[in-house]
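Q: What follows is run29.cif, mmCIF, C-alpha atoms.
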data_my_file
loop_
_atom_site.label_atom_id
_atom_site.label_comp_id
_atom_site.auth_asym_id
_atom_site.auth_seq_id
_atom_site.Cartn_x
_atom_site.Cartn_y
_atom_site.Cartn_z
CA MET Q 1 -80.53 183.48 119.96
CA THR Q 2 -81.27 182.72 123.60
CA THR Q 3 -79.75 179.71 125.36
CA PRO Q 4 -82.37 176.99 126.03
CA GLN Q 5 -83.28 176.65 129.69
CA ALA Q 6 -84.54 173.86 131.94
CA TYR Q 7 -86.82 174.56 134.88
CA ILE Q 8 -87.93 172.50 137.87
CA VAL Q 9 -91.66 173.04 138.37
CA ALA Q 10 -92.52 170.36 140.96
CA VAL Q 11 -90.70 168.19 143.49
CA ALA Q 12 -91.87 165.15 145.44
CA ARG Q 13 -90.45 162.39 147.56
CA THR Q 14 -91.59 159.77 150.00
CA ALA Q 15 -90.32 159.93 153.54
CA ALA Q 16 -87.62 157.26 153.67
CA GLY Q 17 -88.30 153.94 155.35
CA ARG Q 18 -85.82 151.84 157.26
CA ARG Q 19 -84.78 148.47 155.87
CA ASN Q 20 -87.70 146.09 156.50
CA GLY Q 21 -89.59 149.05 157.89
CA ARG Q 22 -92.62 151.15 157.03
CA LEU Q 23 -92.10 151.15 153.23
CA SER Q 24 -90.87 147.58 152.84
CA GLY Q 25 -94.38 146.38 151.99
CA TRP Q 26 -94.44 148.47 148.80
CA HIS Q 27 -93.43 147.06 145.43
CA PRO Q 28 -90.81 149.60 144.22
CA ALA Q 29 -92.68 150.29 140.95
CA ASP Q 30 -95.83 151.11 142.90
CA LEU Q 31 -93.90 153.33 145.32
CA ALA Q 32 -92.33 155.22 142.42
CA GLY Q 33 -95.77 155.49 140.85
CA GLN Q 34 -96.97 157.37 143.93
CA VAL Q 35 -94.26 159.99 143.40
CA ILE Q 36 -95.13 160.30 139.70
CA ASN Q 37 -98.78 160.84 140.64
CA ALA Q 38 -97.82 163.51 143.15
CA LEU Q 39 -95.68 165.40 140.61
CA VAL Q 40 -98.54 165.45 138.11
CA ALA Q 41 -101.00 166.60 140.78
CA ARG Q 42 -98.70 169.27 142.20
CA ALA Q 43 -98.00 170.72 138.77
CA GLY Q 44 -101.70 170.45 137.85
CA ILE Q 45 -100.93 169.11 134.37
CA ASP Q 46 -102.52 166.61 132.03
CA PRO Q 47 -100.67 163.29 132.62
CA ALA Q 48 -100.43 162.82 128.84
CA ALA Q 49 -98.29 165.98 128.63
CA VAL Q 50 -95.31 164.14 130.15
CA ASP Q 51 -92.92 163.24 127.33
CA ASP Q 52 -90.76 160.75 129.20
CA VAL Q 53 -89.84 159.38 132.63
CA VAL Q 54 -86.14 158.91 133.40
CA MET Q 55 -85.66 156.96 136.61
CA GLY Q 56 -82.55 156.15 138.58
CA CYS Q 57 -82.22 152.76 140.24
CA VAL Q 58 -79.06 150.97 141.36
CA GLY Q 59 -80.35 147.49 142.16
CA GLN Q 60 -81.93 146.67 138.80
CA ALA Q 61 -82.80 143.08 139.67
CA GLY Q 62 -85.87 141.23 140.86
CA GLN Q 63 -88.70 143.66 141.53
CA GLN Q 64 -86.57 146.49 140.14
CA SER Q 65 -85.66 144.73 136.91
CA PHE Q 66 -87.07 144.87 133.38
CA ASN Q 67 -86.94 148.69 133.17
CA VAL Q 68 -88.40 149.80 136.50
CA ALA Q 69 -89.09 153.27 135.04
CA ARG Q 70 -91.57 151.86 132.55
CA ASN Q 71 -93.11 149.68 135.26
CA ALA Q 72 -93.52 152.76 137.45
CA VAL Q 73 -95.30 154.53 134.58
CA LEU Q 74 -97.66 151.55 134.28
CA SER Q 75 -98.24 151.78 138.04
CA SER Q 76 -99.18 155.47 137.90
CA VAL Q 77 -101.78 157.82 136.43
CA LEU Q 78 -99.66 158.33 133.32
CA PRO Q 79 -101.13 156.89 130.11
CA GLU Q 80 -99.47 154.00 128.31
CA SER Q 81 -98.17 156.45 125.70
CA VAL Q 82 -95.63 157.86 128.19
CA PRO Q 83 -92.32 155.96 127.92
CA GLY Q 84 -89.75 155.39 130.63
CA THR Q 85 -86.09 154.47 130.87
CA SER Q 86 -83.93 153.39 133.80
CA VAL Q 87 -80.51 154.83 134.68
CA ASP Q 88 -77.66 153.41 136.76
CA ARG Q 89 -74.95 155.83 137.80
CA GLN Q 90 -74.75 154.16 141.18
CA CYS Q 91 -75.66 156.50 144.07
CA GLY Q 92 -76.01 159.39 141.62
CA SER Q 93 -78.52 157.56 139.44
CA SER Q 94 -81.47 159.91 139.89
CA GLN Q 95 -79.23 162.99 139.84
CA GLN Q 96 -78.10 161.73 136.43
CA ALA Q 97 -81.77 161.16 135.55
CA LEU Q 98 -82.29 164.86 136.28
CA HIS Q 99 -79.37 165.74 134.01
CA PHE Q 100 -80.77 163.61 131.18
CA ALA Q 101 -84.21 165.18 131.66
CA ALA Q 102 -82.74 168.68 131.61
CA GLN Q 103 -80.71 167.93 128.50
CA ALA Q 104 -83.82 166.58 126.77
CA VAL Q 105 -85.90 169.70 127.38
CA MET Q 106 -82.99 172.03 126.65
CA SER Q 107 -82.53 170.32 123.29
CA GLY Q 108 -86.17 171.01 122.43
CA THR Q 109 -86.84 167.37 121.58
CA MET Q 110 -89.07 167.14 124.68
CA ASP Q 111 -90.93 169.75 126.72
CA ALA Q 112 -91.79 168.00 129.98
CA VAL Q 113 -89.83 165.12 131.55
CA ILE Q 114 -90.08 163.52 134.96
CA ALA Q 115 -86.71 162.71 136.50
CA ALA Q 116 -87.09 160.29 139.38
CA GLY Q 117 -85.49 157.53 141.40
CA VAL Q 118 -86.51 154.52 143.42
CA GLU Q 119 -84.82 151.94 145.61
CA SER Q 120 -86.29 149.26 147.83
CA MET Q 121 -83.24 148.02 149.67
CA SER Q 122 -85.53 145.76 151.69
CA ARG Q 123 -86.67 143.89 148.58
CA VAL Q 124 -83.50 144.17 146.48
CA PRO Q 125 -80.54 144.04 148.88
CA MET Q 126 -77.53 146.22 148.12
CA GLY Q 127 -75.15 144.61 145.64
CA LEU Q 128 -77.59 141.89 144.55
CA PRO Q 129 -77.19 142.52 140.77
CA ALA Q 130 -73.46 141.74 141.16
CA THR Q 131 -73.41 139.10 143.90
CA LEU Q 132 -76.30 136.91 142.78
CA PRO Q 133 -74.92 136.12 139.28
CA ALA Q 134 -71.44 135.60 140.75
CA GLN Q 135 -72.80 133.08 143.24
CA HIS Q 136 -74.38 131.11 140.38
CA GLY Q 137 -71.34 131.00 138.14
CA PHE Q 138 -72.11 133.92 135.84
CA GLY Q 139 -69.02 135.95 136.68
CA PHE Q 140 -68.27 139.27 138.36
CA TYR Q 141 -68.23 142.84 137.11
CA VAL Q 142 -64.47 143.38 137.60
CA SER Q 143 -62.88 142.57 134.25
CA ASP Q 144 -59.43 141.24 133.42
CA GLU Q 145 -58.35 144.62 132.06
CA MET Q 146 -59.56 146.36 135.22
CA LYS Q 147 -57.48 143.91 137.28
CA ARG Q 148 -54.41 144.65 135.18
CA ARG Q 149 -54.95 148.39 135.51
CA TYR Q 150 -55.63 148.20 139.27
CA PRO Q 151 -53.74 145.11 140.48
CA GLY Q 152 -54.72 143.74 143.85
CA VAL Q 153 -57.44 146.33 144.38
CA GLU Q 154 -60.75 145.55 146.03
CA PHE Q 155 -63.12 148.29 144.90
CA SER Q 156 -64.90 149.27 148.12
CA GLN Q 157 -66.80 152.40 149.08
CA PHE Q 158 -66.18 151.69 152.76
CA SER Q 159 -62.41 151.45 152.21
CA GLY Q 160 -62.57 154.69 150.24
CA ALA Q 161 -64.47 156.42 153.03
CA GLU Q 162 -61.88 155.29 155.60
CA ARG Q 163 -59.04 156.45 153.36
CA MET Q 164 -60.69 159.87 153.00
CA ALA Q 165 -61.02 160.20 156.76
CA HIS Q 166 -57.30 159.55 157.22
CA GLN Q 167 -56.21 161.57 154.18
CA TYR Q 168 -58.10 164.68 155.32
CA GLY Q 169 -57.11 164.36 158.98
CA LEU Q 170 -60.60 163.65 160.28
CA SER Q 171 -60.87 162.22 163.78
CA ARG Q 172 -63.42 159.74 165.10
CA GLN Q 173 -64.80 162.57 167.24
CA ALA Q 174 -65.24 164.88 164.24
CA LEU Q 175 -67.03 162.15 162.28
CA ASP Q 176 -69.37 161.38 165.18
CA ASP Q 177 -69.97 165.09 165.83
CA TYR Q 178 -71.02 165.49 162.21
CA ALA Q 179 -73.32 162.44 162.32
CA HIS Q 180 -74.95 163.76 165.50
CA GLN Q 181 -75.46 167.13 163.81
CA SER Q 182 -77.16 165.43 160.85
CA HIS Q 183 -79.80 164.01 163.19
CA LEU Q 184 -80.23 167.30 165.07
CA ARG Q 185 -80.77 169.19 161.82
CA ALA Q 186 -83.20 166.55 160.53
CA ILE Q 187 -85.13 166.65 163.81
CA ALA Q 188 -85.38 170.44 163.69
CA ALA Q 189 -86.46 170.38 160.04
CA ALA Q 190 -89.11 167.69 160.62
CA ARG Q 191 -90.55 169.51 163.64
CA ALA Q 192 -90.60 172.83 161.78
CA GLY Q 193 -92.46 171.33 158.80
CA ALA Q 194 -89.51 171.99 156.48
CA PHE Q 195 -90.12 168.71 154.63
CA ASP Q 196 -93.88 169.16 154.22
CA ALA Q 197 -93.64 170.70 150.75
CA GLU Q 198 -91.60 167.81 149.39
CA ILE Q 199 -92.90 164.68 151.17
CA VAL Q 200 -95.71 162.64 149.62
CA PRO Q 201 -97.59 160.80 152.39
CA VAL Q 202 -98.15 157.15 151.48
CA ALA Q 203 -99.67 154.22 153.34
CA ALA Q 204 -97.27 152.61 155.81
CA ARG Q 205 -96.77 148.98 154.77
CA SER Q 206 -94.24 146.45 156.00
CA LEU Q 207 -93.13 143.14 154.57
CA GLU Q 208 -93.87 141.42 157.85
CA HIS Q 209 -97.18 143.00 158.87
CA GLY Q 210 -98.67 144.34 155.63
CA ASP Q 211 -100.76 147.51 155.78
CA LEU Q 212 -100.13 149.24 159.09
CA GLY Q 213 -103.30 151.34 158.90
CA GLU Q 214 -101.57 154.70 159.02
CA SER Q 215 -99.79 157.21 156.82
CA HIS Q 216 -96.02 157.34 156.41
CA ALA Q 217 -94.88 160.96 156.19
CA VAL Q 218 -91.82 161.22 158.47
CA ASP Q 219 -88.38 159.87 157.59
CA GLU Q 220 -88.10 156.69 159.62
CA GLY Q 221 -84.35 156.92 160.10
CA ILE Q 222 -84.41 160.12 162.16
CA ARG Q 223 -83.54 159.31 165.77
CA PHE Q 224 -85.62 161.85 167.68
CA ASN Q 225 -84.09 160.73 171.00
CA VAL Q 226 -80.50 160.94 169.76
CA THR Q 227 -77.70 161.82 172.17
CA ARG Q 228 -74.10 162.62 171.36
CA GLU Q 229 -72.94 160.09 173.94
CA GLY Q 230 -74.68 157.31 172.07
CA PHE Q 231 -72.31 157.65 169.12
CA ASP Q 232 -69.32 156.89 171.34
CA THR Q 233 -70.69 153.44 172.15
CA VAL Q 234 -70.84 152.25 168.52
CA LYS Q 235 -67.91 150.08 167.43
CA THR Q 236 -65.90 151.05 164.38
CA ILE Q 237 -66.61 149.03 161.25
CA ARG Q 238 -62.88 148.35 160.84
CA PRO Q 239 -61.66 146.86 164.13
CA GLU Q 240 -58.02 148.00 163.82
CA GLY Q 241 -57.51 151.73 163.32
CA GLY Q 242 -60.99 152.34 161.99
CA LEU Q 243 -62.71 155.70 162.29
CA LEU Q 244 -66.16 155.16 160.79
CA THR Q 245 -69.07 153.38 162.43
CA ALA Q 246 -72.55 152.40 161.32
CA ALA Q 247 -73.73 155.56 163.07
CA SER Q 248 -71.52 157.82 160.92
CA ALA Q 249 -72.59 156.12 157.68
CA SER Q 250 -75.76 156.51 155.64
CA GLN Q 251 -78.73 154.35 156.51
CA ILE Q 252 -79.94 151.50 154.29
CA SER Q 253 -83.41 152.63 153.26
CA ASP Q 254 -86.41 152.37 150.98
CA GLY Q 255 -87.82 155.36 149.10
CA ALA Q 256 -88.73 157.14 145.90
CA SER Q 257 -88.39 160.72 144.72
CA GLY Q 258 -88.72 162.87 141.62
CA VAL Q 259 -88.86 166.28 139.98
CA LEU Q 260 -90.73 167.56 136.93
CA VAL Q 261 -88.50 169.39 134.44
CA VAL Q 262 -89.76 171.56 131.58
CA ASN Q 263 -88.44 174.09 129.08
CA GLU Q 264 -89.86 177.53 128.29
CA ARG Q 265 -92.27 176.06 125.76
CA GLY Q 266 -93.42 173.64 128.44
CA LEU Q 267 -93.94 176.47 130.93
CA LYS Q 268 -96.27 178.22 128.51
CA ALA Q 269 -98.08 175.14 127.23
CA LEU Q 270 -98.69 173.67 130.68
CA GLY Q 271 -99.32 176.95 132.48
CA VAL Q 272 -96.91 176.08 135.31
CA GLU Q 273 -94.65 178.33 137.39
CA PRO Q 274 -90.97 177.47 137.82
CA LEU Q 275 -89.48 176.81 141.24
CA ALA Q 276 -85.89 176.85 140.03
CA ARG Q 277 -83.76 177.07 136.90
CA ILE Q 278 -80.98 174.61 136.26
CA HIS Q 279 -77.89 176.80 136.08
CA HIS Q 280 -75.21 174.15 135.48
CA LEU Q 281 -74.93 170.38 135.21
CA SER Q 282 -71.86 168.19 134.81
CA VAL Q 283 -70.36 164.86 135.76
CA MET Q 284 -66.76 163.86 136.36
CA GLY Q 285 -64.73 160.69 136.75
CA HIS Q 286 -61.99 160.37 139.37
CA ASP Q 287 -59.92 157.74 141.19
CA PRO Q 288 -62.06 154.57 141.44
CA VAL Q 289 -60.00 153.22 144.35
CA ILE Q 290 -60.56 155.97 146.90
CA MET Q 291 -63.81 156.28 144.92
CA LEU Q 292 -65.71 158.80 147.08
CA GLU Q 293 -63.42 161.83 146.63
CA ALA Q 294 -64.82 162.74 143.20
CA PRO Q 295 -67.27 165.42 144.48
CA ILE Q 296 -64.33 167.63 145.44
CA PRO Q 297 -62.70 168.14 141.98
CA ALA Q 298 -66.13 167.90 140.34
CA THR Q 299 -67.43 170.81 142.45
CA GLN Q 300 -64.30 172.87 141.83
CA ARG Q 301 -64.65 172.40 138.08
CA ALA Q 302 -68.39 173.07 138.11
CA LEU Q 303 -68.00 176.35 139.99
CA GLN Q 304 -65.25 177.45 137.61
CA ARG Q 305 -67.37 176.64 134.56
CA ALA Q 306 -70.38 178.41 136.07
CA GLY Q 307 -68.32 181.50 136.88
CA LEU Q 308 -69.21 181.31 140.56
CA GLY Q 309 -67.26 181.07 143.79
CA VAL Q 310 -68.10 178.77 146.67
CA ASN Q 311 -69.31 181.76 148.70
CA ASP Q 312 -71.84 182.63 145.97
CA ILE Q 313 -73.76 179.45 146.77
CA ASP Q 314 -76.44 179.81 149.44
CA LEU Q 315 -77.04 176.12 150.16
CA PHE Q 316 -75.15 172.89 149.49
CA GLU Q 317 -76.41 169.31 149.40
CA VAL Q 318 -73.50 166.87 149.55
CA ASN Q 319 -74.69 163.32 150.05
CA GLU Q 320 -73.75 161.85 153.41
CA ALA Q 321 -72.73 158.41 152.18
CA PHE Q 322 -70.25 158.48 155.07
CA ALA Q 323 -69.48 161.43 157.36
CA SER Q 324 -65.97 161.63 155.91
CA VAL Q 325 -67.32 162.65 152.48
CA PRO Q 326 -69.03 165.96 153.34
CA LEU Q 327 -66.37 166.79 155.94
CA ALA Q 328 -63.55 166.30 153.43
CA TRP Q 329 -65.56 168.28 150.87
CA LEU Q 330 -65.99 171.16 153.35
CA LYS Q 331 -62.28 171.18 154.13
CA ALA Q 332 -61.14 171.08 150.51
CA LEU Q 333 -63.64 173.69 149.27
CA GLU Q 334 -63.29 175.90 152.36
CA ALA Q 335 -67.08 176.16 152.32
CA ASP Q 336 -69.35 177.46 155.07
CA PRO Q 337 -70.57 174.46 157.14
CA ALA Q 338 -73.71 176.38 158.08
CA ARG Q 339 -74.85 176.15 154.42
CA LEU Q 340 -74.26 172.40 154.07
CA ASN Q 341 -77.09 169.85 154.41
CA VAL Q 342 -79.10 172.30 156.50
CA HIS Q 343 -81.97 169.83 156.98
CA GLY Q 344 -79.73 166.87 157.73
CA GLY Q 345 -78.62 164.24 155.27
CA ALA Q 346 -78.45 160.53 154.54
CA ILE Q 347 -76.96 159.70 157.95
CA ALA Q 348 -80.28 160.74 159.49
CA LEU Q 349 -82.73 160.66 156.59
CA GLY Q 350 -81.54 157.49 154.87
CA HIS Q 351 -79.93 156.69 151.53
CA PRO Q 352 -82.25 154.72 149.23
CA LEU Q 353 -79.51 154.55 146.59
CA GLY Q 354 -81.26 155.26 143.27
CA ALA Q 355 -83.74 157.64 144.89
CA SER Q 356 -81.20 159.82 146.68
CA GLY Q 357 -80.29 162.12 143.78
CA THR Q 358 -83.75 163.61 143.28
CA ARG Q 359 -84.38 163.36 147.04
CA LEU Q 360 -81.48 165.76 147.61
CA MET Q 361 -82.75 168.00 144.83
CA SER Q 362 -86.27 168.04 146.30
CA THR Q 363 -84.83 169.07 149.66
CA LEU Q 364 -82.52 171.66 148.09
CA VAL Q 365 -85.33 173.32 146.14
CA SER Q 366 -87.59 173.36 149.20
CA ALA Q 367 -84.86 174.74 151.47
CA LEU Q 368 -84.01 177.53 149.01
CA GLN Q 369 -87.70 178.43 148.83
CA ARG Q 370 -88.04 178.55 152.63
CA ARG Q 371 -84.86 180.54 153.17
CA GLY Q 372 -85.07 182.82 150.17
CA GLY Q 373 -81.65 181.80 148.87
CA ARG Q 374 -80.63 182.19 145.24
CA TYR Q 375 -78.14 179.47 144.32
CA GLY Q 376 -78.00 175.84 145.41
CA LEU Q 377 -75.44 173.15 144.60
CA GLN Q 378 -75.88 169.39 144.79
CA THR Q 379 -73.19 166.75 144.44
CA MET Q 380 -72.83 163.07 145.29
CA CYS Q 381 -70.08 160.49 145.48
CA GLU Q 382 -70.81 157.50 143.27
CA GLY Q 383 -69.46 153.99 142.85
CA GLY Q 384 -66.60 153.79 140.38
CA GLY Q 385 -65.16 157.19 141.37
CA LEU Q 386 -67.82 159.44 139.82
CA ALA Q 387 -69.63 162.61 140.86
CA ASN Q 388 -72.47 164.62 139.38
CA VAL Q 389 -72.82 168.33 140.14
CA THR Q 390 -76.01 170.31 139.66
CA LEU Q 391 -76.30 174.05 140.24
CA ILE Q 392 -79.77 175.59 140.46
CA GLU Q 393 -81.09 179.13 140.79
CA ARG Q 394 -84.28 179.68 142.77
CA LEU Q 395 -86.96 181.62 140.90
#
So, in terms of structure tokens, how does the structure I just supplied come out?

A:
Amino acid sequence: MTTPQAYIVAVARTAAGRRNGRLSGWHPADLAGQVINALVARAGIDPAAVDDVVMGCVGQAGQQSFNVARNAVLSSVLPESVPGTSVDRQCGSSQQALHFAAQAVMSGTMDAVIAAGVESMSRVPMGLPATLPAQHGFGFYVSDEMKRRYPGVEFSQFSGAERMAHQYGLSRQALDDYAHQSHLRAIAAARAGAFDAEIVPVAARSLEHGDLGESHAVDEGIRFNVTREGFDTVKTIRPEGGLLTAASASQISDGASGVLVVNERGLKALGVEPLARIHHLSVMGHDPVIMLEAPIPATQRALQRAGLGVNDIDLFEVNEAFASVPLAWLKALEADPARLNVHGGAIALGHPLGASGTRLMSTLVSALQRRGGRYGLQTMCEGGGLANVTLIERL
């Protein structure tokens, strides 16, 4: 009996928009609907053949509330018969959506599932689902038992990123060098057309000015005039002894992304060709205080379970939540920096929280196709001390 397989047959993402920028005029469900439409068109399938839509979204409030996945379906070409469900695993939400989609088709209960993500950080500010209820007397997410288990702790991704920088001996210069490199790689990739196969051009629309009368197809966060000297002028976020700055952290962004996942029965029934096979998927919990270190042990365990060494992997996508995360990951894994985030990362391209997981996967699949690599690995740090790991094999 053969082991069931899951295949990625189409990828799509919007170019990211800056906060209050060129995508801020889009309702997030409509923006996600554009990605769904693109996946269906790129695969050339009947929209009714999609069994489910699993969509990651972190800020599930306001315009992203009431099951944004279903609302995106109703804003797309998919018929009403296609369901949708929304996932929150913090920054890894759409990577987890991909895992759920893969597990569904591998089980044989479904044959074709769209895994996607969306986040409009312009319309639903970061942290709103926690801060808004707290401000109105409805409590906070940190429970009494959590306080007893972690006394006096303020759960903070920024604090975790600073702790990682110090723990792994990373200097301010190294962090800024890495951030500068992220922009240089993103510039080179954009100019070479490396993102063309993944980006879905959409109308540029802003909250302030409405329809801008042009297409949005280039990540708005890329600083094409970047200089290394400019990073030295940015103040550290922590005034005393801080190492990280806004320039060495991911950009607050708007965006949507997705991939279409099918099994072997789906390949035959839909007549589609696979781009990649999902070789391994896992998730791991780790220290919720330092919080962002989880990708390191999660990657080590994933490689061991997959029977692969770090040097067997051709390309890595490690989300650039802060520069200290991929740099610490590189140091701990002793991985080749030339294989990491080869087209830049969230420092340059933006980090629309719930959309970043399948954005990274879209970029990873495209980069493997362009370079002819075999294996790719994606991992992300996630709020609460979590990390997903996905290994794919290009076909």

Q: Step by step, work through what the PyMOL selection byres ((chain Q and resi 392) around 6) selects in the shown file, and finish by giving those residues as a list of chain:residue names.

A: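 Applying the expression gives Q:Arg277, Q:Ile278, Q:His279, Q:Tyr375, Q:Gly376, Q:Leu391, Q:Glu393.
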
Q: Near Leu267 (chain Q), counting all atoms listed in the file, which residues have an atom at most 9 Å away, once you skip same-chain residues fewer than 6 positions from it, shown as a tab-separated table (two decimals) with C-alpha atoms, in the frame of the given file?

A:
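To be explicit, this is the file written out as selection-v3.tsv:
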chain	number	residue	atom	x	y	z
Q	7	TYR	CA	-86.82	174.56	134.88
Q	9	VAL	CA	-91.66	173.04	138.37
Q	111	ASP	CA	-90.93	169.75	126.72
Q	112	ALA	CA	-91.79	168.00	129.98
Q	273	GLU	CA	-94.65	178.33	137.39
Q	274	PRO	CA	-90.97	177.47	137.82

Q: So how far away is CA of Ala294 (chain Q) from CA of Met380 (chain Q), in Å?

A: 8.3 Å

Q: Calculate how many Å separate CA of Glu214 (chain Q) from CA of Val73 (chain Q), rounding to one decimal.

A: 25.2 Å

Q: Kindly give the distance, in Å, that separates CA of Glu198 (chain Q) and CA of Thr14 (chain Q), rounded to a single decimal.

A: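 If I compute the distance from CA of Glu198 (chain Q) to CA of Thr14 (chain Q), I get 8.1 Å.
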
Q: Find the residues around region 25-40 of chain Q up to 7 Å (only C-alpha atoms counted), leave out those fewer than 6 positions away in its own chain, and share them as number ranges by chain.

A: Q: 10-13, 47, 63-64, 68, 71-73, 75-77, 118-120, 200, 205-207, 210, 256-260

Q: Please provide the set of residues having any atom within 10 Å of region 96-103 of chain Q, restricted to all atoms listed in the file, with same-chain residues fewer than 5 positions apart removed, written as a ChimeraX atom specification.

A: /Q:4-8,51-57,85-91,108-117,258-263,277-278,280-283,354,357-358,361,387-390

Q: Taking all atoms listed in the file into account, name the residue in Q:Gly242, Q:Ala247, Q:Gly255, Q:Arg370 that is nearest to Ala355 (chain Q).

A: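 Answer, going by the shortest atom-to-atom distance: Q:Gly255.
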
Q: Let me make sure I understand: among Q:Ala41, Q:Val234, Q:Gly285, Q:Glu293, which one has the smallest atom-to-atom distance to Ala246 (chain Q) if we use only C-alpha atoms?

A: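 Among the listed residues, the smallest separation from Ala246 (chain Q) belongs to Q:Val234.
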
Q: Determine, for each residue of region 237-280 of chain Q having at least one atom at most 7 Å from an atom of region 172-191 of chain Q, the closest pair of atoms and their separation in Å to one decimal, counting only C-alpha atoms; order by chain and ascending number, as a Markdown table.

A:
| residue | atom | partner | partner_atom | distance |
| --- | --- | --- | --- | --- |
| Q:Leu243 | CA | Q:Arg172 | CA | 5.0 |
| Q:Leu244 | CA | Q:Arg172 | CA | 6.9 |
| Q:Ala247 | CA | Q:Ala179 | CA | 6.9 |
| Q:Ser248 | CA | Q:Ala179 | CA | 5.2 |

Q: Got time to write the residues from that selection, C-alpha atoms, as a PDB file, in the frame of the given file?

A:
ATOM      1  CA  LEU Q 243     -62.710 155.700 162.290  1.00  0.00           C
ATOM      2  CA  LEU Q 244     -66.160 155.160 160.790  1.00  0.00           C
ATOM      3  CA  ALA Q 247     -73.730 155.560 163.070  1.00  0.00           C
ATOM      4  CA  SER Q 248     -71.520 157.820 160.920  1.00  0.00           C
TER       5      SER Q 248
END

Q: Output the residue selection produced by the PyMOL selection byres ((chain Q and resi 152-155) around 9) on the file above, formatted as a PyMOL selection string.

A: chain Q and resi 142+147-148+150-151+156-157+159-160+288-291+383-384

Q: Show which residues sit within 10 Å of Leu303 (chain Q), as a ChimeraX atom specification. Count only C-alpha atoms, and ignore same-chain residues fewer than 4 positions away.

A: /Q:280,297-299,307-310,312-313,377,389,391

Q: Go through Q:Lys331, Q:His286, Q:Arg70, Q:Arg223 and flag the residue nearest Gln251 (chain Q), using only C-alpha atoms for the distances.

A: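 Closest to Gln251 (chain Q), using only C-alpha atoms: Q:Arg223.
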
Q: If you apply the PyMOL selection byres ((chain Q and resi 20) around 8) to this file, what residues do you get, as a ChimeraX atom specification?

A: /Q:17-19,21-24,122,206-208

Q: May I have the selected residues written with C-alpha atoms, as a short mmCIF file (atom, residue, chain, number, x, y, z; two decimals), keeping the file's coordinate frame?

A:
data_model
loop_
_atom_site.label_atom_id
_atom_site.label_comp_id
_atom_site.auth_asym_id
_atom_site.auth_seq_id
_atom_site.Cartn_x
_atom_site.Cartn_y
_atom_site.Cartn_z
CA GLY Q 17 -88.30 153.94 155.35
CA ARG Q 18 -85.82 151.84 157.26
CA ARG Q 19 -84.78 148.47 155.87
CA GLY Q 21 -89.59 149.05 157.89
CA ARG Q 22 -92.62 151.15 157.03
CA LEU Q 23 -92.10 151.15 153.23
CA SER Q 24 -90.87 147.58 152.84
CA SER Q 122 -85.53 145.76 151.69
CA SER Q 206 -94.24 146.45 156.00
CA LEU Q 207 -93.13 143.14 154.57
CA GLU Q 208 -93.87 141.42 157.85
#

Q: If we count all atoms listed in the file and set the cut-off at 12 Å, which residues sit around Pro326 (chain Q), ignoring sequence neighbours fewer than 3 positions away in its own chain? Please answer as number ranges by chain.

A: Q: 161, 164-165, 168, 170, 174-175, 178-179, 182, 248-250, 292-296, 316-323, 329-337, 339-341, 344-347, 378-381

Q: From the list Q:Ala197, Q:Gly266, Q:Phe224, Q:Gly385, which residue is nearest Leu368 (chain Q) when using all atoms listed in the file?

A: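 Nearest candidate to Leu368 (chain Q) out of Q:Ala197, Q:Gly266, Q:Phe224, Q:Gly385: Q:Ala197.
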
Q: Which residue, Q:His351, Q:Val342, Q:Phe138, Q:Leu270, has the smallest gap to Gly44 (chain Q) when you use only C-alpha atoms?

A: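 Closest to Gly44 (chain Q) of all the choices is Q:Leu270.
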